[in-house]
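*Asks:* I am attaching a structure below and will ask some questions about it afterwards.
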Amino acid sequence: VNCYCYIIVEYFFFFPCSWTSDLEWISKVRVNTHAVLKRAQHIQGQKIPKKQWQAAWLLKAVTCIDLTTLAGDDTPSNVHRLCLKAIQPVRHDLLRAVDMHNKGVTTAAVCVYPSRVADAVKSLKAANSSLPVASVATGFPAGQTPLETRLQEVRLAVADGAAEIDIVINRTLAITGEWEALYDEIREFREACGDAHMKTILAIGELGTFTNVYKASLVAMMAGSDFIKTSTGKESVNATYPVAIVMVRAIRDYFLCTGHKVGFKPAGGIRTAQESLVWLSLIKEELGNDWLCPLLFRLGASSLLADIERQIYHHVTGQYAAYHELPMA
């Protein structure tokens with residue numbers, strides 16, 4: 001567990017590498033809360049890069065953003081603007097100034113409600129872009145609708161063109177320790193997704209303990225998730241560094257036992273460029289460079305991009321732009 005010797009997860013017996021559907025062994029896992037908090041404090045205390053190195057890391061962060069709108073007043077027009085911003089996330093003159101204008105810098109995806117998937121697909125197709133459309137589903141954000149309704153929501157989003165589905169788990173099953181039932185539900189969602197990538201939202205703010213977060217992470221991966229995601233962004237507690245440590249350690253343990261890489265997506269409350277740098281540092285230290293790409297790391301955010309673009313503007317011009325100088329699209 002890195003050179004820091006923080007024992008994050010304690011196993012009270014031999015850690016099995018069979019990863020069968022028999023989940024009884026999960027009940028033996030405990031998370032060392034003190035070690036988690038100490039490791040998170042260390043990550044947050046690290047120095048962030050400056051000048052051209054900071055600009056480079058910020059552009060890396062841009063390519064990992066799932067540019068998101070999940071509002072009750074979403075319309076075809078603001079989804080269209082979101083798609084155009086995803087295609088050209090940073091002003092062309094700023095990219096030219098740092099010699100990145102011809103490197104194809106875009107966000108990783110756009111993320112919308114199921115009812116807006118067709119609008120997003122249409123906008124991206126009209127712009128001749130292959131950027132994927134992600135859709136939340138399965139009764140987002142609470143996940144409390146009947147199972148068949150949640151499954152049908154996934155199927156409809158995929159049918160409308162969603163290439164990625166962000167599902168939410170039934171938190172009741174996790175809180176009450178019904179891990180096998182949770183596994184079965186996620187397996188059904190996996191089948192309903194078909195060829196679409198599936199990101200499983202744990203809603204960590206409602207799971208109660210780090211141990212539950214670790215166990216839910218393992219179950220989600222065992223059930224076929226391509227990513228595990230912290231939050232819906234609608235809970236009172238969303239993406240935090242201690243929870244991220246627990247989740248990425250679960251990803252690392254799963255990879256060491258299976259050889260299969262699962263992605264990680266923090267979401268909710270990530271608003272500043274500096275925060276995005278901390279997240280990139282965390283992933284680099286905990287999982288390595290292989291995870292520093294859109295295939296294995298995403299940032300779920302709606303307002304983060306604006307602040308990153310302002311920081312790049314400052315790097316290029318020496319001044320901070322007013323927000324109206326860097327509009328959404």
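Labels used: A, B, ... for chains in the order of the structure tokens, numbers from 1 for residues in each chain, and numbers from 1 for ligands as shown.
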Give me the residues within 10 Å of Ser236 of chain A as a PyMOL selection string, counting only C-alpha atoms and dropping any in the same chain fewer than 6 places off.

*Replies:* chain A and resi 203-206+268-269

*Asks:* Just want the 6 Å neighbourhood of Ala137 of chain A, counted on only C-alpha atoms, with same-chain residues fewer than 3 positions away dropped. Output as an MDAnalysis selection string.

*Replies:* chainID A and resid 140 154 167

*Asks:* So that I have them on file, write out the residues from the current selection with N, CA, C and O atoms, as an mmCIF file, in the first residue's frame.

*Replies:*
```
data_model
loop_
_atom_site.group_PDB
_atom_site.id
_atom_site.type_symbol
_atom_site.label_atom_id
_atom_site.label_comp_id
_atom_site.auth_asym_id
_atom_site.auth_seq_id
_atom_site.Cartn_x
_atom_site.Cartn_y
_atom_site.Cartn_z
ATOM 1 N N PHE A 140 -32.589 7.751 -11.087
ATOM 2 C CA PHE A 140 -31.673 8.784 -10.589
ATOM 3 C C PHE A 140 -32.478 9.950 -9.994
ATOM 4 O O PHE A 140 -33.471 10.370 -10.593
ATOM 5 N N VAL A 154 -32.984 2.260 -18.538
ATOM 6 C CA VAL A 154 -31.671 1.983 -19.134
ATOM 7 C C VAL A 154 -31.828 1.627 -20.603
ATOM 8 O O VAL A 154 -31.123 2.159 -21.473
ATOM 9 N N ILE A 167 -25.678 4.406 -13.662
ATOM 10 C CA ILE A 167 -26.767 3.851 -12.853
ATOM 11 C C ILE A 167 -26.573 4.217 -11.388
ATOM 12 O O ILE A 167 -25.456 4.514 -10.956
#
```

*Asks:* Give me the residues of segment 8-120 of chain A that have any atom at most 9 Å from an atom of segment 312-315 of chain A; for each, the nearest atom pair and the distance in Å, rounded to one decimal. Use only C-alpha atoms, sort by chain and number, and format it as JSON lines.

*Replies:*
```
{"residue": "A:Lys51", "atom": "CA", "partner": "A:His315", "partner_atom": "CA", "distance": 6.6}
{"residue": "A:Gln52", "atom": "CA", "partner": "A:His315", "partner_atom": "CA", "distance": 7.5}
{"residue": "A:Gln54", "atom": "CA", "partner": "A:Ile312", "partner_atom": "CA", "distance": 8.7}
{"residue": "A:Ala55", "atom": "CA", "partner": "A:Ile312", "partner_atom": "CA", "distance": 6.0}
{"residue": "A:Leu58", "atom": "CA", "partner": "A:Ile312", "partner_atom": "CA", "distance": 7.7}
{"residue": "A:Leu59", "atom": "CA", "partner": "A:Ile312", "partner_atom": "CA", "distance": 8.5}
{"residue": "A:Val90", "atom": "CA", "partner": "A:Ile312", "partner_atom": "CA", "distance": 8.5}
{"residue": "A:Arg91", "atom": "CA", "partner": "A:Tyr313", "partner_atom": "CA", "distance": 8.8}
{"residue": "A:Leu94", "atom": "CA", "partner": "A:Tyr313", "partner_atom": "CA", "distance": 6.5}
{"residue": "A:Leu95", "atom": "CA", "partner": "A:Ile312", "partner_atom": "CA", "distance": 8.7}
```

*Asks:* For Arg252 of chain A, which residue out of A:Met221, A:Leu207, A:Val136, A:Ile270 is the nearest one, using only C-alpha atoms?

*Replies:*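 Looking at the shortest contact to Arg252 of chain A, the residue is A:Met221.
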
*Asks:* Could you jot down the atom CA of Ser302 of chain A to atom CA of Val117 of chain A separation for me, Å, one decimal place?

*Replies:*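 Separating atom CA of Ser302 of chain A from atom CA of Val117 of chain A is a distance of 16.6 Å.
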
*Asks:* Taking into account only C-alpha atoms, which residue in the set A:Lys85, A:Lys47, A:Arg116, A:Lys125 is nearest to Ile65 of chain A?

*Replies:*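 Using only C-alpha atoms, Ile65 of chain A sits closest to A:Lys85.
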
*Asks:* If we count only C-alpha atoms, what is near Arg150 of chain A at a cut-off of 6 Å, once residues fewer than 2 positions away on the same chain are taken out, given as a PyMOL selection string?

*Replies:* chain A and resi 138-139+147-148+152-153

*Asks:* Smallest atom-to-atom distance to Leu202 of chain A: which of A:Ala267, A:Ala157, A:Leu256, A:Val36, using only C-alpha atoms?

*Replies:*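 Distance minimum relative to Leu202 of chain A lands on A:Ala267.
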
*Asks:* If you run DSSP on this backbone, which residues of segment 101-248 of chain A come out as alpha helix (DSSP H), and could you give them as a count of residues only?

*Replies:* 64

*Asks:* Determine, for each residue of segment 143-166 of chain A having at least one atom at most 10 Å from an atom of segment 105-111 of chain A, the closest pair of atoms and their separation in Å to one decimal, counting only C-alpha atoms; order by chain and ascending number, as a Markdown table.

*Replies:*
```
| residue | atom | partner | partner_atom | distance |
| --- | --- | --- | --- | --- |
| A:Ala162 | CA | A:Cys111 | CA | 9.2 |
| A:Ala163 | CA | A:Ala109 | CA | 9.4 |
| A:Glu164 | CA | A:Cys111 | CA | 8.7 |
| A:Ile165 | CA | A:Cys111 | CA | 9.0 |
| A:Asp166 | CA | A:Cys111 | CA | 8.8 |
```

*Asks:* So that I can check the surroundings of Gly208 of chain A, please list as a list in words every protein, DNA and RNA residue that reaches within 12 Å of it, counting only C-alpha atoms and ignoring chain neighbours fewer than 2 positions away.

*Replies:*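 What passes the distance filter is Arg171, Thr172, Ala174, Ile175, Thr176, Gly177, Leu202, Ala203, Ile204, Gly205, Glu206, Phe210, Thr211, Asn212, Val213, Tyr214, Lys215, Ala216, Val237 and Val243 of chain A.
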
*Asks:* Would you work out the distance separating atom CA of Val246 of chain A from atom CA of Ser217 of chain A, expressed in Å to one decimal?

*Replies:*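 Taking atom CA of Val246 of chain A and atom CA of Ser217 of chain A, their separation equals 8.8 Å.
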
*Asks:* Could you jot down the atom CA of Ala223 of chain A to atom CA of Asn289 of chain A separation for me, Å, one decimal place?

*Replies:*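 Atom CA of Ala223 of chain A sits 25.3 Å away from atom CA of Asn289 of chain A.
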
*Asks:* With only C-alpha atoms as the counted atoms, please give the residues lying no more than 10 Å from Ile186 of chain A, apart from itself and same-chain residues fewer than 2 positions off, as a PyMOL selection string.

*Replies:* chain A and resi 167-170+180-184+188-192+198+200+219-225

*Asks:* Using DSSP assignments from the backbone, pull out every residue in segment 50-229 of chain A that falls under strand (DSSP E) and give it to me as a list of chain:residue names.

*Replies:* A:Ile65, A:Asp66, A:Leu67, A:Thr68, A:Ala109, A:Val110, A:Cys111, A:Val112, A:Val133, A:Ala134, A:Ser135, A:Val136, A:Glu164, A:Ile165, A:Asp166, A:Ile167, A:Val168, A:His197, A:Met198, A:Lys199, A:Thr200, A:Ile201, A:Phe227, A:Ile228, A:Lys229

*Asks:* Since we have the selection now, will you write its residues out, keeping N, CA, C and O atoms, as a CSV table (one decimal), in the first residue's frame?

*Replies:*
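Below is the file that was written, out-v1.csv:
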```csv
chain,number,residue,atom,x,y,z
A,65,ILE,N,-13.4,15.3,-18.2
A,65,ILE,CA,-14.6,15.8,-17.7
A,65,ILE,C,-15.8,15.1,-18.4
A,65,ILE,O,-15.8,15.1,-19.6
A,66,ASP,N,-16.8,14.6,-17.6
A,66,ASP,CA,-18.1,14.4,-18.2
A,66,ASP,C,-18.9,15.7,-18.0
A,66,ASP,O,-19.4,15.9,-16.9
A,67,LEU,N,-19.0,16.5,-19.0
A,67,LEU,CA,-19.7,17.8,-18.9
A,67,LEU,C,-21.2,17.5,-18.8
A,67,LEU,O,-21.8,16.9,-19.6
A,68,THR,N,-21.7,18.0,-17.7
A,68,THR,CA,-23.0,17.5,-17.2
A,68,THR,C,-24.1,18.6,-17.1
A,68,THR,O,-23.8,19.7,-16.6
A,109,ALA,N,-17.1,13.3,-22.3
A,109,ALA,CA,-18.4,13.0,-22.7
A,109,ALA,C,-19.3,14.1,-22.3
A,109,ALA,O,-18.9,15.0,-21.6
A,110,VAL,N,-20.6,14.0,-22.7
A,110,VAL,CA,-21.6,14.9,-22.1
A,110,VAL,C,-22.6,14.0,-21.4
A,110,VAL,O,-22.8,12.8,-21.8
A,111,CYS,N,-23.1,14.5,-20.3
A,111,CYS,CA,-24.0,13.6,-19.5
A,111,CYS,C,-25.3,14.4,-19.2
A,111,CYS,O,-25.3,15.5,-18.8
A,112,VAL,N,-26.4,13.7,-19.5
A,112,VAL,CA,-27.7,14.3,-19.5
A,112,VAL,C,-28.8,13.3,-18.9
A,112,VAL,O,-28.5,12.1,-18.7
A,133,VAL,N,-22.3,10.2,-25.6
A,133,VAL,CA,-23.3,10.7,-24.7
A,133,VAL,C,-23.5,9.7,-23.5
A,133,VAL,O,-23.8,8.6,-23.7
A,134,ALA,N,-23.5,10.3,-22.3
A,134,ALA,CA,-23.8,9.5,-21.1
A,134,ALA,C,-25.1,9.9,-20.6
A,134,ALA,O,-25.5,11.1,-20.7
A,135,SER,N,-25.8,9.0,-20.0
A,135,SER,CA,-27.1,9.3,-19.4
A,135,SER,C,-27.2,8.6,-18.0
A,135,SER,O,-26.8,7.5,-17.8
A,136,VAL,N,-27.7,9.4,-17.1
A,136,VAL,CA,-28.1,8.8,-15.8
A,136,VAL,C,-29.4,8.0,-16.0
A,136,VAL,O,-30.1,8.2,-16.9
A,164,GLU,N,-23.0,5.5,-22.8
A,164,GLU,CA,-22.6,5.3,-21.4
A,164,GLU,C,-23.8,5.5,-20.5
A,164,GLU,O,-24.6,6.4,-20.7
A,165,ILE,N,-24.0,4.6,-19.5
A,165,ILE,CA,-25.1,4.7,-18.6
A,165,ILE,C,-24.6,4.8,-17.2
A,165,ILE,O,-23.8,4.0,-16.7
A,166,ASP,N,-25.0,5.9,-16.5
A,166,ASP,CA,-24.6,6.1,-15.0
A,166,ASP,C,-25.8,5.6,-14.2
A,166,ASP,O,-26.8,6.3,-14.1
A,167,ILE,N,-25.7,4.4,-13.7
A,167,ILE,CA,-26.8,3.9,-12.9
A,167,ILE,C,-26.6,4.2,-11.4
A,167,ILE,O,-25.5,4.5,-11.0
A,168,VAL,N,-27.7,4.2,-10.6
A,168,VAL,CA,-27.6,4.4,-9.2
A,168,VAL,C,-28.0,3.1,-8.5
A,168,VAL,O,-28.9,2.4,-8.9
A,197,HIS,N,-21.1,1.4,-21.9
A,197,HIS,CA,-20.4,1.4,-20.7
A,197,HIS,C,-21.3,1.7,-19.5
A,197,HIS,O,-22.1,2.5,-19.6
A,198,MET,N,-21.0,1.0,-18.4
A,198,MET,CA,-21.9,1.2,-17.2
A,198,MET,C,-21.0,1.8,-16.1
A,198,MET,O,-20.0,1.2,-15.7
A,199,LYS,N,-21.4,3.0,-15.6
A,199,LYS,CA,-20.8,3.6,-14.4
A,199,LYS,C,-21.8,3.4,-13.3
A,199,LYS,O,-23.0,3.8,-13.4
A,200,THR,N,-21.4,2.9,-12.2
A,200,THR,CA,-22.2,2.6,-11.0
A,200,THR,C,-22.0,3.6,-9.9
A,200,THR,O,-20.9,3.8,-9.4
A,201,ILE,N,-23.1,4.4,-9.6
A,201,ILE,CA,-23.0,5.4,-8.6
A,201,ILE,C,-23.4,4.8,-7.3
A,201,ILE,O,-24.5,4.3,-7.1
A,227,PHE,N,-17.1,1.5,-14.5
A,227,PHE,CA,-16.6,2.5,-13.6
A,227,PHE,C,-17.4,2.4,-12.3
A,227,PHE,O,-18.5,1.9,-12.2
A,228,ILE,N,-16.8,2.9,-11.2
A,228,ILE,CA,-17.5,3.1,-10.0
A,228,ILE,C,-17.5,4.6,-9.7
A,228,ILE,O,-16.4,5.3,-10.0
A,229,LYS,N,-18.6,5.2,-9.3
A,229,LYS,CA,-18.7,6.7,-9.2
A,229,LYS,C,-19.2,7.0,-7.8
A,229,LYS,O,-20.0,6.3,-7.2
```

*Asks:* Which is closer to Ala273 of chain A than all the others in A:Ala118, A:Ala301, A:Ala71, A:Leu82, using only C-alpha atoms?

*Replies:*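 Once distances to Ala273 of chain A are computed over only C-alpha atoms, the minimum belongs to A:Ala301.
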